[in-house]
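Working notes for the structure below.
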Amino acid sequence: MLAILRSLPETVPLFLYLKRQKAAIKFINNGEHYYSTASVPPDEINEPMCLSRYLQTKIKAVGPISVADYMKEVLTNPLSGYYMHRDVIGESGDFITSPELGQLFGELLSTYIFLWQKVGSPIPLQLVEMGPGHGSLAKDVLRVFERFGAVHELSLHLIEVSPHLSEIQAESLCVKSARHTPTNMQPHYQVGTTASNIPVFWYDRVKDIPRQFSCFLAHEFFDALPIHKFQRTDNGWREVLIDLDPTDPEKFRYVLSRSPTPACKFFIKPDEVRDHVEVSPETGVILEHLATRLEEDGGFALFADYGHDGTKTDTFRAFQNHKLHDPLVEPGSSDLPADVDFSFLRSCTADKLLTFGPVTQRDFLLRMGIDLRLEMLLLQCDEKQKESLRTGYHMMVDQDKMGERFKMFSLFPSVLKEHLTRFPVSGFSGS
Ligand SMILES: C[S@@+](CC[C@H](N)C(=O)[O-])C[C@H]1O[C@@H](n2cnc3c(N)ncnc32)[C@H](O)[C@@H]1O
């Protein structure tokens, strides 16, 4: 690992669950309405549409909606969802992320991906990133692969729901790119090529990616997936729903379902000890799919996100201009994340995969050698670059910043158990 770090380029500017899970997945798929970026005519995209009005009309028509429905509409409604038609990431947006804080984060994750060599460097290799934002992490990872000449039969596959962000990604990663209507044979909606001839494909759904050995990355992706919220009451579990405020029907408010909803029955574990629980069934569906793929086609996954190990309760919140905001005020104007429950991810894959973590981002980056890499970079840059590298380092590593709140989690096929016991996975153990 140290050899890899040293030779990097210089500064560049459950379910007993199984039965219940199957039922749960069916439940989700029945209600599934994955949005396709290709399905909205461009002239409609620019039409102003008030998401608040749309949600008010929907609630008037069908009654209170689940938090998952609300989140899905607010974040990814094709016409006016939060992510769909503007850039929300960075200083001028609503939140900043580790890959945007300079090259350090992407480089250290790349050294993790070089675990690929530990399992025999299988080719073709597919790098898959879910929710790539500006494409900065993918760009840093590709740069490391190029540096090591490991681009033979390498391809990049991006899962991105936002037409706007997918354009930004194409501009940042590719020398040429084109959009087209997905078909059964070609399920991607955009294709491009990097300067070093690496093909890049964009999809709406993970299940459309070709079945081959893949390394899956996700940074702040799962926290954007819709959650159902449940509250324990004297009468048993109830689902938290979103309704209109009877005193002002332009405002939204939380209510509890009168009786247990189907989601309460599917998603609350019989031995649950918490009084308030959040569950993301979409995450469960993706993890089920990943588990099958990693087991049958080979590969591994590394996720980084706000999260906990099945201990937290109410984490649903909103961010606007880098500050906390009320999730029910001005829907569509702020990001709506919820912490990832890594114990849920583990339970969805327990029969097929080995899991590592969650460990704090701080511990992970320190074990991966961030201090050494920082030192090397500081030797090569001017004062302004040094300042920016140090600021980024502290944001990512300090306990009162992203260092503790963000967690890293990794998945490998169970068949590698013995191998990974002999050659432990870097970043997740040791000092
Ligand atoms: C919080 S941003 C993180 C961006 C990037 N990974 C980073 O850390 O800078 C979430 C990303 O996931 C995408 N996204 C959100 N929901 C999605 C969904 N249901 N399917 C695919 N992409 C989604 C957003 O458009 C955005 O690119």
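In the structure tokens, each chain is lettered A, B, ... as it comes, each chain's residues begin at 1, and ligands are numbered from 1 in order of appearance.
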
### Message
Report as a PyMOL selection string all protein, DNA and RNA residues lying within 6 Å of stretch 65-81 of chain A, evaluated on only C-alpha atoms, omitting residues in the same chain fewer than 2 positions from it.
### Response
chain A and resi 45+83-84+226-228+241-242+331-332

For those residues, write N, CA and C atoms to a file as a compact mmCIF listing (two decimals), in the first residue's frame.
```txt
# COMPACT_ATOMS: atom_id res chain seq x y z
N ILE A 45 -38.97 19.77 -19.05
CA ILE A 45 -38.05 19.86 -17.92
C ILE A 45 -37.94 21.29 -17.43
N TYR A 83 -32.41 17.08 -6.97
CA TYR A 83 -31.17 16.75 -7.66
C TYR A 83 -31.22 16.95 -9.17
N MET A 84 -32.44 17.10 -9.73
CA MET A 84 -32.57 16.83 -11.15
C MET A 84 -31.98 17.89 -12.10
N PRO A 226 -34.85 6.93 -0.33
CA PRO A 226 -36.02 7.16 0.53
C PRO A 226 -36.10 6.19 1.71
N ILE A 227 -36.54 6.73 2.84
CA ILE A 227 -36.73 5.90 4.06
C ILE A 227 -38.20 5.94 4.49
N HIS A 228 -38.65 4.84 5.07
CA HIS A 228 -39.91 4.83 5.82
C HIS A 228 -39.55 5.08 7.27
N LEU A 241 -46.30 9.46 8.72
CA LEU A 241 -46.74 9.86 7.39
C LEU A 241 -46.69 11.38 7.28
N ILE A 242 -46.82 11.87 6.07
CA ILE A 242 -46.83 13.32 5.87
C ILE A 242 -48.20 13.73 5.33
N PRO A 331 -40.40 22.10 0.02
CA PRO A 331 -39.83 20.86 -0.52
C PRO A 331 -39.20 21.09 -1.89
N GLY A 332 -38.02 20.51 -2.08
CA GLY A 332 -37.31 20.67 -3.36
C GLY A 332 -36.21 21.71 -3.27
```

### Task
Work out how far apart atom 3 (C, counted along the ligand's line) of ligand 1 and atom CA of A:Leu225 are and give it in Å to one decimal.
11.1 Å

Residues of chain A at most 9 Å from ligand 1: nearest atom pair and distance in Å, only C-alpha atoms and all ligand atoms, as a Markdown table:
```
| residue | atom | partner | partner_atom_place_in_ligand_line | distance |
| --- | --- | --- | --- | --- |
| A:Tyr34 | CA | ligand 1 | 19 (N) | 7.6 |
| A:Tyr35 | CA | ligand 1 | 19 (N) | 8.1 |
| A:Lys72 | CA | ligand 1 | 19 (N) | 7.6 |
| A:Leu75 | CA | ligand 1 | 16 (N) | 6.8 |
| A:Thr76 | CA | ligand 1 | 16 (N) | 6.5 |
| A:Tyr82 | CA | ligand 1 | 25 (O) | 8.6 |
| A:Tyr83 | CA | ligand 1 | 25 (O) | 5.0 |
| A:Met84 | CA | ligand 1 | 25 (O) | 6.7 |
| A:Val88 | CA | ligand 1 | 2 (S) | 8.2 |
| A:Ile89 | CA | ligand 1 | 9 (O) | 6.8 |
| A:Gly90 | CA | ligand 1 | 9 (O) | 8.3 |
| A:Phe95 | CA | ligand 1 | 1 (C) | 8.0 |
| A:Ile96 | CA | ligand 1 | 9 (O) | 7.2 |
| A:Thr97 | CA | ligand 1 | 9 (O) | 4.8 |
| A:Ser98 | CA | ligand 1 | 8 (O) | 6.3 |
| A:Pro99 | CA | ligand 1 | 9 (O) | 5.5 |
| A:Glu100 | CA | ligand 1 | 9 (O) | 6.0 |
| A:Glu129 | CA | ligand 1 | 6 (N) | 8.0 |
| A:Met130 | CA | ligand 1 | 22 (N) | 6.3 |
| A:Gly131 | CA | ligand 1 | 12 (O) | 3.2 |
| A:Pro132 | CA | ligand 1 | 6 (N) | 4.1 |
| A:Gly133 | CA | ligand 1 | 27 (O) | 3.4 |
| A:His134 | CA | ligand 1 | 9 (O) | 6.2 |
| A:Gly135 | CA | ligand 1 | 5 (C) | 7.1 |
| A:Ser136 | CA | ligand 1 | 9 (O) | 7.0 |
| A:Leu137 | CA | ligand 1 | 9 (O) | 7.3 |
| A:Leu158 | CA | ligand 1 | 22 (N) | 8.7 |
| A:Ile159 | CA | ligand 1 | 21 (C) | 5.2 |
| A:Glu160 | CA | ligand 1 | 22 (N) | 3.9 |
| A:Val161 | CA | ligand 1 | 21 (C) | 4.1 |
| A:Ser162 | CA | ligand 1 | 25 (O) | 4.7 |
| A:Pro163 | CA | ligand 1 | 25 (O) | 8.3 |
| A:His164 | CA | ligand 1 | 25 (O) | 8.4 |
| A:Leu165 | CA | ligand 1 | 27 (O) | 6.2 |
| A:Ser166 | CA | ligand 1 | 27 (O) | 7.9 |
| A:Tyr203 | CA | ligand 1 | 21 (C) | 8.2 |
| A:Asp204 | CA | ligand 1 | 21 (C) | 6.0 |
| A:Arg205 | CA | ligand 1 | 20 (N) | 6.8 |
| A:Val206 | CA | ligand 1 | 21 (C) | 8.5 |
| A:Leu217 | CA | ligand 1 | 6 (N) | 8.8 |
| A:Ala218 | CA | ligand 1 | 6 (N) | 6.3 |
| A:His219 | CA | ligand 1 | 6 (N) | 4.3 |
| A:Glu220 | CA | ligand 1 | 3 (C) | 4.6 |
| A:Phe221 | CA | ligand 1 | 12 (O) | 4.7 |
| A:Phe222 | CA | ligand 1 | 16 (N) | 7.9 |
| A:Asp223 | CA | ligand 1 | 1 (C) | 7.3 |
| A:Ala224 | CA | ligand 1 | 16 (N) | 5.3 |
| A:Leu225 | CA | ligand 1 | 19 (N) | 5.8 |
| A:Pro226 | CA | ligand 1 | 19 (N) | 8.1 |
| A:Glu282 | CA | ligand 1 | 19 (N) | 8.4 |
| A:Ala304 | CA | ligand 1 | 8 (O) | 8.6 |
| A:Asp305 | CA | ligand 1 | 8 (O) | 8.7 |
| A:Asp335 | CA | ligand 1 | 1 (C) | 7.8 |
| A:Pro337 | CA | ligand 1 | 1 (C) | 7.8 |
```

Include C-alpha atoms and write out the residues we just selected as a tab-separated table (two decimals), in the first residue's frame.
```tsv
chain	number	residue	atom	x	y	z
A	34	TYR	CA	-37.86	4.42	-10.97
A	35	TYR	CA	-37.57	7.61	-12.84
A	72	LYS	CA	-38.57	10.31	-3.53
A	75	LEU	CA	-35.33	14.52	-4.45
A	76	THR	CA	-35.92	12.86	-7.80
A	82	TYR	CA	-33.97	18.63	-5.86
A	83	TYR	CA	-31.17	16.75	-7.66
A	84	MET	CA	-32.57	16.83	-11.15
A	88	VAL	CA	-26.40	21.38	-5.42
A	89	ILE	CA	-22.90	20.24	-4.37
A	90	GLY	CA	-19.99	22.46	-3.28
A	95	PHE	CA	-23.39	20.70	1.09
A	96	ILE	CA	-19.75	19.78	0.52
A	97	THR	CA	-18.50	16.20	0.24
A	98	SER	CA	-15.10	14.55	0.82
A	99	PRO	CA	-14.34	13.87	-2.88
A	100	GLU	CA	-14.78	17.61	-3.48
A	129	GLU	CA	-20.02	4.45	-8.89
A	130	MET	CA	-23.52	5.01	-7.55
A	131	GLY	CA	-24.52	8.67	-7.22
A	132	PRO	CA	-21.29	10.24	-8.54
A	133	GLY	CA	-22.22	13.93	-8.03
A	134	HIS	CA	-19.62	15.96	-9.94
A	135	GLY	CA	-17.70	12.80	-10.91
A	136	SER	CA	-14.70	13.90	-8.80
A	137	LEU	CA	-14.21	10.57	-7.02
A	158	LEU	CA	-22.20	5.47	-13.30
A	159	ILE	CA	-25.64	5.24	-11.69
A	160	GLU	CA	-27.07	8.72	-11.85
A	161	VAL	CA	-30.69	9.85	-11.74
A	162	SER	CA	-30.01	13.53	-12.44
A	163	PRO	CA	-29.80	14.67	-16.07
A	164	HIS	CA	-28.00	17.82	-14.97
A	165	LEU	CA	-25.38	16.08	-12.84
A	166	SER	CA	-24.82	13.45	-15.54
A	203	TYR	CA	-27.62	4.14	-16.09
A	204	ASP	CA	-30.73	4.79	-14.03
A	205	ARG	CA	-30.53	1.46	-12.20
A	206	VAL	CA	-27.82	-0.79	-10.81
A	217	LEU	CA	-18.26	2.62	-4.94
A	218	ALA	CA	-20.88	4.79	-3.29
A	219	HIS	CA	-20.17	8.03	-1.49
A	220	GLU	CA	-23.17	9.77	0.08
A	221	PHE	CA	-25.50	7.77	-2.18
A	222	PHE	CA	-27.46	5.57	0.23
A	223	ASP	CA	-28.28	8.52	2.49
A	224	ALA	CA	-30.23	10.00	-0.44
A	225	LEU	CA	-32.47	6.93	-0.85
A	226	PRO	CA	-36.02	7.16	0.53
A	282	GLU	CA	-34.78	0.75	-1.90
A	304	ALA	CA	-18.96	5.86	2.64
A	305	ASP	CA	-21.88	7.61	4.23
A	335	ASP	CA	-31.23	18.12	0.43
A	337	PRO	CA	-30.64	12.85	3.76
```

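Straight-line separation from atom CA of A:Ser429 to atom CA of A:Gly403: 16.4 Å.
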
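In this comparison, which uses only C-alpha atoms, the residue of A:Pro413, A:Pro260, A:Gly102, A:Gly307 approaching A:Thr233 most closely is A:Pro260.
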
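Here the DSSP assignment of strand (DSSP E), based on backbone atoms, applies within stretch 235-267 of chain A to Gly236, Trp237, Arg238, Glu239, Val240, Leu241, Ile242, Asp243, Leu244, Asp245, Asp248, Pro249, Glu250, Lys251, Phe252, Arg253, Tyr254, Val255 and Leu256 of chain A.
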
Written selection (C-alpha atoms) as a PDB file, in the first residue's frame:
```pdb
ATOM      1  CA  GLY A 236     -47.926  -1.077  18.623  1.00  0.00           C
ATOM      2  CA  TRP A 237     -45.918   0.201  15.654  1.00  0.00           C
ATOM      3  CA  ARG A 238     -47.290   2.983  13.483  1.00  0.00           C
ATOM      4  CA  GLU A 239     -45.825   4.578  10.364  1.00  0.00           C
ATOM      5  CA  VAL A 240     -44.933   8.279  10.337  1.00  0.00           C
ATOM      6  CA  LEU A 241     -46.738   9.860   7.387  1.00  0.00           C
ATOM      7  CA  ILE A 242     -46.835  13.324   5.868  1.00  0.00           C
ATOM      8  CA  ASP A 243     -50.157  15.139   5.741  1.00  0.00           C
ATOM      9  CA  LEU A 244     -51.412  18.672   5.158  1.00  0.00           C
ATOM     10  CA  ASP A 245     -51.748  20.916   8.182  1.00  0.00           C
ATOM     11  CA  ASP A 248     -52.965  25.852   6.833  1.00  0.00           C
ATOM     12  CA  PRO A 249     -53.304  23.387   3.913  1.00  0.00           C
ATOM     13  CA  GLU A 250     -50.247  24.919   2.229  1.00  0.00           C
ATOM     14  CA  LYS A 251     -48.100  23.518   5.023  1.00  0.00           C
ATOM     15  CA  PHE A 252     -47.059  19.927   5.643  1.00  0.00           C
ATOM     16  CA  ARG A 253     -46.986  18.121   8.985  1.00  0.00           C
ATOM     17  CA  TYR A 254     -46.117  14.665  10.346  1.00  0.00           C
ATOM     18  CA  VAL A 255     -48.927  12.347  11.470  1.00  0.00           C
ATOM     19  CA  LEU A 256     -49.005   8.721  12.615  1.00  0.00           C
TER      20      LEU A 256
END
```

### Query
With only C-alpha atoms as the basis for distance, which of A:Val128, A:Tyr189, A:Asn197, A:Leu377 is at the shortest distance from A:Glu153?
A:Asn197
